[in-house]
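Engineer: Handing you this structure, nothing more for now.
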Number of protein chains: 2
Amino acid sequence: MDKNIPYKTYLEESEMPKQWYNVRADMKNKPAPLLNPATHKPMTAEELGAVFCDELVKQELDNENAYIDIPTEILDFYKMYRPSPLVRAYCLEKVLDTPAKIYYKFEGNNTSGSHKLNSAIAQAYYAKKQGLKGVTTETGAGQWGTALSMATAYLGLECKVFMVKVSYEQKPFRREVMRTYGAEVTPSPSETTEVGRKILEAHPGTTGSLGCAISEAVEVATHTEGYRYVLGSVLNQVLLHQSVIGLESKAAFEKLGVKPDIIIGCAGGGSNLGGLISPFMGQKLRGEADYRFIAVEPASCPSLTRGRYAYDYCDTGMVCPLAKMYTLGSGFIPSANHAGGLRYHGMSSTISQLYDDKLMEAVSVEQTAVFEAAQKFARIEGILPAPESSHAIRVAIDEALKCKETGEEKTILFGLTGTGYFDMVAYQKFNDGLMTDYIPTDEELEKSFAGLPKID
Amino acid sequence: MDKNIPYKTYLEESEMPKQWYNVRADMKNKPAPLLNPATHKPMTAEELGAVFCDELVKQELDNENAYIDIPTEILDFYKMYRPSPLVRAYCLEKVLDTPAKIYYKFEGNNTSGSHKLNSAIAQAYYAKKQGLKGVTTETGAGQWGTALSMATAYLGLECKVFMVKVSYEQKPFRREVMRTYGAEVTPSPSETTEVGRKILEAHPGTTGSLGCAISEAVEVATHTEGYRYVLGSVLNQVLLHQSVIGLESKAAFEKLGVKPDIIIGCAGGGSNLGGLISPFMGQKLRGEADYRFIAVEPASCPSLTRGRYAYDYCDTGMVCPLAKMYTLGSGFIPSANHAGGLRYHGMSSTISQLYDDKLMEAVSVEQTAVFEAAQKFARIEGILPAPESSHAIRVAIDEALKCKETGEEKTILFGLTGTGYFDMVAYQKFNDGLMTDYIPTDEELEKSFAGLPKID
C-alpha cells in the first residue's frame with residue numbers, strides 16, 4: 001500500500017464541484033451542429049425547443065461557456081449518492097503483479113446502478129422548472145430508464161419509458177425497478193405510436209433497437225401536451241452533466257497529489273467517457289497537461305474504430321436531427337451483444353470530433369475477453385461490474401500488464417460506470433461457457449454505410 | 001439542513017474500528033450456552049470444533065473479552081467496501097414534515113448487497129488461516145451465500161452453498177452471482193445428503209427451508225475432509241463481527257457530535273440488529289448512556305413478540321446444537337413471506353437474553369405496510385431497499401411520525417442492511433397490488449411450540 005493513498009477517496013461535501021465543465025469551450029474544432037433532417041440546416045433553438053427543454057437546448061448549443069453553475073436543487077440530489085469514490089485497486093495491482101497504479105472512479109453505488117443518474121436528475125430538474133408535466137425517453141440496457149425514473153419520482157414528474165423489447169422481456173426486473181419509481185414502461189416497438197406501428201409493419205416480430213425506441217419516445221413527447229423528450233447519452237448537454245465524474249476524479253487526484261497518465265472509459269454513446277475525460281481533456285486542450293485517453297468499444301459495434309465520420313440519423317424512424325459523428329450507419333443492427341448500453345450505431349459528436357482531431361485513441365475488444373476481465377475484477381476487487389464498464393476494465397488490465405513487461409509505473413484511471421446486478425443472464429451465459437464473439441464483416445459495414453444520408 | 005451535518009458521513013480509514021466489540025462481556029446475564037443435542041450438556045470447544053473453525057469456536061464461547069482485534073487481512077478487505085456511510089435522511093424528514101432527525105447506516109453498497117459480508121470475510125479468513133480447503137453454508141434470500149462466495153473467492157477457498165429450493169428457483173440471478181464468484185450452489189433439500197434424502201422422503205415436493213438447508217450444509221462440512229460449516233446469523237461470533245456496523249455508527253455520531261435516542265433494526269436471526277446495537281447497548285449496560293432499542297420482525301414470523309424463550313433446535317434435521325432463544329419452534333413453517341432473510345424460526349441467543357432482560361423492545365409489522373414504506377423510501381431517498389431492511393424503515397417512519405404529533409426532536413438511527421435488486425419478484429407483486437399479509441394464529445403457534453425439546 002502506498003502511504004497516504006487510501007483504498008477509497010471521497011471528497012467532502014464542500015469539495016464537490018459546484019459547476020459543470022463544458023469541454024466544447026476549449027475545443028479549437030467545435031463539434032458539428034445538429035442538422036434539421038428536412039432542410040439539412042443547423043437546428044435552431046426554437047426547433048430544438050419542440051423536443052427538448054429550453055434550458056437544455058441552451059446547454060446543447062453552448063460552445064462558449066466553459067463552466068455552468070449546477071443548480072442548488074441538483075447539488076442537493078447529488079449529495080444523496082455523490083461524491084462517488086475514487087478507488088485505488090490495490091488488490092488488482094497485487095494479483096496482476098504490475099508496477100502500474102490502478103484507480104477507478106466507481107459510479108455504481110446508486111439504485112440506477114450507473115452514472116446515468118448524473119444527467120437524469122439534471123434533465124428532470126429543468127423539465128420541472130419549465131413547468132412541464134412529464135418526460136419521455138427510451139432505454140436499452142435499462143440503466144438510463146431507471147435513472148430517469150428515480151429523478152422524476154423525486155421531483156414528482158411523470159415518466160414514460162420506451163424499453164427495447166428484447167430488454168423488456170429479458171430484464172423484467174429492470175422494468176420493475178422503473179415501475180417501483182412510478183414510471184410507465186412500454187416495450188418498443190409498440191402499437192402506441194405511429195412510428196412504432198410502421199416499424200412493426202415493416203419488420204414483424206422485431207425485438208426492437210435503441211434507434212426505434214428513440215423514435216417512439218420523441219413522437220410521444222412532441223404529441224403530448226406538457227411533455228418533452230430526454231436522452232441519456234450522445235448529446236452535448238449529457239456530456240456536460242457527466243463532467244461531474246471527471247471533475248470529482250480530478251479534485252480527488254489533486255487531493256492525493258497524483259496525476260494519472262492514462263484515462264480509460266467504455267464508449268457507447270459517449271456519456272460516461274465524455275464526462276470522465278472532459279476536465280482532463282480541457283487541460284490537454286489548453287496545453288496545461290498531457291494524458292492518453294482511450295475509448296473502449298465492443299468489437300461487435302465499433303463506431304470509432306471502424307465507422308465513418310459523417311452526418312447520420314440518430315434514430316431508426318429518422319424523426320430526430322442529424323448528427324455528425326463516427327457512425328456505423330443508422331441501419332446497422334448490432335448483434336445480440338449483451339453489453340446493451342454500448343450497442344448504439346453512433347458516437348457523441350464531441351467525442352467524435354476529439355477523436356478525429358487525434359486527441360484520443362480508441363480500441364475495440366471482444367465480449368468473452370470482456371467477461372473474463374469482469375469475472376476477474378469481481379473476484380479480486382469485490383464489485384460485480386456491468387458488462388459496459390467491463391470493457392474499460394479489460395483495457396485497464398491490458399495496459400497494466402504492458403507496464404509489467406516494460407517496468408513502467410504508470411498511473412491508470414478507468415471509469416467503472418456501473419454494476420452488473422441486472423445483467424446476470426449474460427453472466428450466466430459466460431459461466432456456462434456459452435458466450436460467443438461477433439465481429440461484423442467489412443461487407444456488412446459497407447452495406448450499412450450505403451444508407452448514410454447525403455449531406456453537402 | 002443542519003449546519004455541520006452532511007448528507008453522508010464516512011469515517012477516514014484511520015478512524016475505522018480496529019477491534020470488534022463483544023457485548024457479552026458487559027452483559028450481567030450471559031446468553032445461555034449451546035447444548036449438545038444428544039446429552040443436553042453445554043457444547044465443548046472440542047465438540048464445536050468438528051463443525052466450526054477453531055478460532056471461531058473461541059469467539060463463540062468467549063463471554064469475557066470486550067474487544068477482539070480484527071486481523072489486518074480482514075481490515076484490508078473491509079477497506080474495499082467500508083466504511084459504510086452514516087446517512088442523514090434529509091429528504092425523508094422533509095417529506096414526513098417531522099421534527100425528528102433520521103439517520104441510517106447503509107450497508108448495501110457492496111456486491112453481496114448487504115451487511116453479511118462483514119462476517120463472511122471473517123469466517124472465511126479463519127478457515128483459510130486454519131489451512132482448510134473450503135466451507136459449506138446455507139442461504140435463503142441469497143445475501144449470505146453471495147457474501148460468502150465473495151469472501152472465499154477473494155481468499156481462494158472452495159465454497160458449497162445449499163440454497164433453499166424456492167429461492168434457487170425464484171432467484172436464478174442470485175445463484176448466478178454466487179457462481180460468478182466460483183461457488184457451487186445446490187438447491188435444498190437435495191439428494192446429495194443423507195438428511196436431504198430423509199426430508200425429501202418425508203415431504204416430497206417440499207420447496208425447502210433455512211432449517212433444512214442448514215442440516216445439509218452441516219452434514220457436508222462434517223463429512224468432507226478439510227471443510228467446516230459457517231453460518232451467517234444467530235451465532236455469537238456473527239454478532240461479534242457485525243459489531244463493526246455499530247462501532248462505525250458510533251464513531252461517526254461522535255464525530256458529528258450527535259447522540260441517537262432510538263436505534264432500530266430489522267430482526268431475523270439477529271446479525272444486523274446485534275451488530276448495530278452492540279456498542280450502544282454496551283454503554284447502556286455499563287450505565288454510561290441510555291437508548292431505546294427496537295427490533296422489528298415480520299408479523300408472519302414473530303419470534304420475539306410471540307415466541308417462547310426456550311431451548312430449541314436450530315435446524316430441521318436436528319443435527320445442530322440446541323440454542324436457548326426466543327423461538328416459534330423449529331417445526332414452524334413461515335408463510336411465503338418475501339422478506340426471506342427474516343423467516344428464521346428462532347433468534348440469536350444474545351438478542352434473546354437482552355430482550356428477556358427488557359433492555360430492548362420488539363415490534364412486528366405486516367408485509368404490505370413494509371413495502372409501502374420501502375416504495376416511499378426508494379422514491380424519496382433514492383435507494384431501493386431490501387425487504388428485510390424495509391421492516392426497519394417502516395418503524396423508523398412510524399417513530400418519526402409520532403415525533404410529528406408530539407413535537408419531539410428525537411434522533412432516530414436505523415440499519416439499512418441492504419438493497420432489493422434481487423427482490424424484484426416481491427416488488428412486482430406489490431406494484432401489481434397482489435401482495436397479501438399473513439399472521440399465524442395462536443393455534444398454529446401452540447402446535448409448533450408442542451415440538452419444543454424438553455430440557456431440564
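By order in the C-alpha cells, chains are A, B, ...; within a chain, residues start at 1; ligands start at 1, following the order shown.
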Can you list, as a list in words, every protein, DNA or RNA residue that comes within 7 Å of Lys324 (chain B) when you count only C-alpha atoms, leaving out same-chain residues fewer than 5 positions away?
Structural biologist: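 Those residues are Ala32, Tyr309, Ala310, Tyr311, Asp312 and Ser349 of chain B.
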Engineer: Listing only residues of chain B within 8 Å of chain A, what is the closest atom pair and its distance in Å (to one decimal) for each, using only C-alpha atoms, sorted by chain and residue number ascending, as CSV?
Structural biologist:
```
residue,atom,partner,partner_atom,distance
B:Pro6,CA,A:Glu13,CA,6.9
B:Tyr7,CA,A:Lys79,CA,6.2
B:Lys8,CA,A:Met80,CA,7.5
B:Glu13,CA,A:Pro6,CA,6.9
B:Lys79,CA,A:Tyr7,CA,6.2
B:Met80,CA,A:Tyr7,CA,6.4
B:Asn109,CA,A:Asn109,CA,6.0
B:Asn110,CA,A:Ile383,CA,6.7
B:Thr111,CA,A:Ile383,CA,5.4
B:Met150,CA,A:Arg379,CA,6.5
B:Ala153,CA,A:Arg379,CA,5.7
B:Tyr154,CA,A:Ile380,CA,5.7
B:Phe173,CA,A:Met424,CA,5.5
B:Glu176,CA,A:Gln428,CA,5.9
B:Val177,CA,A:Met424,CA,7.2
B:Arg179,CA,A:Asn431,CA,7.1
B:Thr180,CA,A:Asn431,CA,6.5
B:Tyr181,CA,A:Arg379,CA,6.0
B:Gln375,CA,A:Thr180,CA,6.5
B:Ala378,CA,A:Tyr181,CA,7.4
B:Arg379,CA,A:Ala153,CA,5.7
B:Ile380,CA,A:Tyr154,CA,5.7
B:Glu381,CA,A:Met80,CA,7.2
B:Gly382,CA,A:Met150,CA,6.6
B:Ile383,CA,A:Thr111,CA,5.4
B:Leu384,CA,A:Thr111,CA,6.0
B:Tyr421,CA,A:Tyr421,CA,7.1
B:Phe422,CA,A:Tyr421,CA,7.8
B:Met424,CA,A:Phe173,CA,5.5
B:Val425,CA,A:Phe173,CA,7.5
B:Tyr427,CA,A:Glu176,CA,7.1
B:Gln428,CA,A:Glu176,CA,5.9
B:Asn431,CA,A:Thr180,CA,6.5
```
Engineer: From a DSSP pass on the backbone, collect the residues of region 284-360 of chain B flagged as strand (DSSP E or B) and hand them back as a list in words.
Structural biologist: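 Written out, the strand (DSSP E or B) residues of region 284-360 of chain B are Arg292, Phe293, Ile294, Ala295, Val296, Glu297, Pro298, Arg308, Tyr309, Ala310, Tyr311, Asp312, Tyr313, Leu322, Ala323, Lys324, Met325, Tyr326 and Thr327 of chain B.
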Engineer: Of the candidates A:Ile333, A:Ile70, A:Ala267, A:Ile102, which shows the shortest atom-to-atom distance to Ser243 (chain A), using only C-alpha atoms?
Structural biologist: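 So, comparing all the options, the nearest one is A:Ile70.
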Engineer: As JSON, numbers by chain, please: the residues near region 300-307 of chain B (cut-off 10 Å, only C-alpha atoms, same-chain neighbours under 4 positions excluded).
Structural biologist: {"B": [267, 268, 269, 295, 296, 325, 326, 327, 328, 329, 332, 333, 334, 335, 336, 337, 339, 342, 343, 344, 345, 346, 347, 351, 352, 355, 356, 361, 362, 363, 364, 365, 366, 367, 437, 438, 439, 440, 441, 442, 445, 446, 449]}
Engineer: Kindly save the residues from that selection, with N, CA and C atoms included, as a compact mmCIF listing (two decimals), in the first residue's frame.
Structural biologist:
```txt
# COMPACT_ATOMS: atom_id res chain seq x y z
N ALA B 267 -35.02 -7.70 12.39
CA ALA B 267 -34.53 -8.86 13.13
C ALA B 267 -35.02 -10.16 12.50
N GLY B 268 -34.08 -10.93 12.00
CA GLY B 268 -34.38 -12.27 11.51
C GLY B 268 -33.70 -13.24 12.45
N GLY B 269 -32.40 -13.46 12.21
CA GLY B 269 -31.59 -14.22 13.16
C GLY B 269 -30.91 -13.30 14.14
N ALA B 295 -36.32 -3.88 17.99
CA ALA B 295 -36.17 -4.95 16.99
C ALA B 295 -37.47 -5.02 16.20
N VAL B 296 -37.35 -5.09 14.87
CA VAL B 296 -38.55 -5.15 14.04
C VAL B 296 -38.58 -6.49 13.31
N MET B 325 -33.32 -19.58 22.97
CA MET B 325 -33.66 -18.38 22.20
C MET B 325 -35.16 -18.18 22.19
N TYR B 326 -35.58 -17.00 21.82
CA TYR B 326 -36.99 -16.79 21.51
C TYR B 326 -37.24 -17.53 20.20
N THR B 327 -38.20 -18.43 20.24
CA THR B 327 -38.40 -19.31 19.08
C THR B 327 -39.88 -19.60 18.86
N LEU B 328 -40.20 -19.88 17.63
CA LEU B 328 -41.56 -20.29 17.26
C LEU B 328 -41.62 -21.81 17.14
N GLY B 329 -40.52 -22.46 17.46
CA GLY B 329 -40.45 -23.92 17.30
C GLY B 329 -39.83 -24.25 15.96
N PHE B 332 -41.89 -24.72 12.91
CA PHE B 332 -42.70 -23.62 12.38
C PHE B 332 -42.31 -23.35 10.93
N ILE B 333 -43.28 -23.40 10.04
CA ILE B 333 -43.02 -23.12 8.63
C ILE B 333 -43.54 -21.72 8.33
N PRO B 334 -42.64 -20.75 8.15
CA PRO B 334 -43.11 -19.40 7.87
C PRO B 334 -43.88 -19.39 6.54
N SER B 335 -44.84 -18.51 6.42
CA SER B 335 -45.58 -18.39 5.17
C SER B 335 -44.63 -17.91 4.08
N ALA B 336 -45.12 -17.91 2.86
CA ALA B 336 -44.28 -17.49 1.74
C ALA B 336 -44.10 -15.97 1.77
N ASN B 337 -43.63 -15.49 2.89
CA ASN B 337 -43.33 -14.07 3.06
C ASN B 337 -42.05 -13.80 2.29
N ALA B 339 -39.79 -11.49 2.61
CA ALA B 339 -38.62 -10.99 3.32
C ALA B 339 -37.81 -12.18 3.79
N LEU B 342 -35.73 -12.87 6.99
CA LEU B 342 -36.32 -12.74 8.33
C LEU B 342 -37.24 -13.90 8.65
N ARG B 343 -37.10 -14.99 7.91
CA ARG B 343 -38.05 -16.09 8.04
C ARG B 343 -37.57 -17.18 8.99
N TYR B 344 -36.54 -16.94 9.75
CA TYR B 344 -36.00 -17.96 10.64
C TYR B 344 -36.88 -18.11 11.87
N HIS B 345 -37.02 -19.34 12.34
CA HIS B 345 -37.94 -19.59 13.46
C HIS B 345 -37.40 -19.09 14.80
N GLY B 346 -36.09 -18.90 14.89
CA GLY B 346 -35.51 -18.50 16.16
C GLY B 346 -34.84 -17.15 16.12
N MET B 347 -34.12 -16.83 17.17
CA MET B 347 -33.46 -15.52 17.28
C MET B 347 -32.16 -15.71 18.05
N ILE B 351 -29.41 -11.63 21.53
CA ILE B 351 -30.56 -10.73 21.41
C ILE B 351 -31.70 -11.24 22.31
N SER B 352 -31.89 -12.54 22.32
CA SER B 352 -32.97 -13.11 23.13
C SER B 352 -32.80 -12.76 24.60
N TYR B 355 -33.40 -9.09 25.23
CA TYR B 355 -34.83 -8.81 25.15
C TYR B 355 -35.53 -9.32 26.41
N ASP B 356 -35.13 -10.49 26.85
CA ASP B 356 -35.75 -11.06 28.05
C ASP B 356 -35.43 -10.23 29.28
N GLU B 361 -36.79 -3.41 23.05
CA GLU B 361 -38.19 -3.66 22.69
C GLU B 361 -38.25 -4.43 21.37
N ALA B 362 -39.44 -4.95 21.07
CA ALA B 362 -39.64 -5.59 19.77
C ALA B 362 -41.04 -5.28 19.27
N VAL B 363 -41.16 -5.08 17.99
CA VAL B 363 -42.48 -4.91 17.36
C VAL B 363 -42.52 -5.77 16.10
N SER B 364 -43.73 -6.13 15.69
CA SER B 364 -43.86 -6.85 14.43
C SER B 364 -44.70 -6.01 13.47
N VAL B 365 -44.37 -6.11 12.19
CA VAL B 365 -45.07 -5.30 11.17
C VAL B 365 -45.48 -6.21 10.02
N GLU B 366 -46.56 -5.78 9.35
CA GLU B 366 -47.07 -6.59 8.25
C GLU B 366 -46.44 -6.21 6.93
N GLN B 367 -46.42 -7.18 6.05
CA GLN B 367 -45.66 -7.05 4.81
C GLN B 367 -46.08 -5.90 3.89
N ASP B 437 -51.01 -10.07 3.37
CA ASP B 437 -50.41 -10.23 4.69
C ASP B 437 -50.79 -11.57 5.27
N TYR B 438 -50.00 -12.02 6.21
CA TYR B 438 -50.30 -13.28 6.87
C TYR B 438 -49.81 -13.21 8.30
N ILE B 439 -50.67 -13.56 9.20
CA ILE B 439 -50.30 -13.61 10.62
C ILE B 439 -50.69 -14.99 11.14
N PRO B 440 -49.74 -15.72 11.69
CA PRO B 440 -50.09 -17.06 12.19
C PRO B 440 -51.10 -16.96 13.34
N THR B 441 -51.98 -17.92 13.44
CA THR B 441 -52.96 -17.93 14.53
C THR B 441 -52.29 -18.48 15.80
N ASP B 442 -52.93 -18.21 16.95
CA ASP B 442 -52.41 -18.75 18.21
C ASP B 442 -52.36 -20.27 18.16
N LEU B 445 -49.32 -21.50 16.39
CA LEU B 445 -48.11 -21.35 17.21
C LEU B 445 -48.09 -22.41 18.32
N GLU B 446 -49.23 -22.62 18.96
CA GLU B 446 -49.28 -23.61 20.04
C GLU B 446 -48.85 -24.98 19.53
N PHE B 449 -45.17 -24.93 19.17
CA PHE B 449 -44.48 -24.95 20.47
C PHE B 449 -44.45 -26.36 21.07
```
Engineer: Would you mind listing what lies within 7 Å of Pro17 (chain A) as a ChimeraX atom specification, with only C-alpha atoms counted and same-chain residues fewer than 6 positions away left out?
Structural biologist: /A:244,247-248
Engineer: Rounded to one decimal, what separation in Å do you get between CA of Lys165 (chain A) and CA of Pro387 (chain A)?
Structural biologist: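 These atoms are spaced 19.2 Å apart.
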Engineer: Can you pull out the residues contacting Lys101 (chain B)? Cut-off 10 Å, using only C-alpha atoms, and skip same-chain residues under 6 positions away; I want them as JSON, numbers by chain.
Structural biologist: {"B": [2, 88, 89, 90, 92, 93, 260, 261, 400, 403, 408, 409, 410, 411, 412, 413]}
Engineer: Skipping near chain neighbours, those fewer than 5 positions away, what residues fall within 8 Å of Ile245 (chain B) using only C-alpha atoms, listed as a ChimeraX atom specification?
Structural biologist: /B:105,272,275-276
Engineer: Need the shell around Asn63 (chain B): protein/DNA/RNA residues with any atom at most 9 Å away, counting only C-alpha atoms. Skip same-chain ones fewer than 6 positions apart. Format as a PyMOL selection string?
Structural biologist: chain B and resi 22-27+30-31
Engineer: Could you check which of B:Pro189, B:Pro33, B:Gly196, B:Gly274 is closest to Ser348 (chain B), using only C-alpha atoms?
Structural biologist: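 Closest to Ser348 (chain B), using only C-alpha atoms: B:Gly274.
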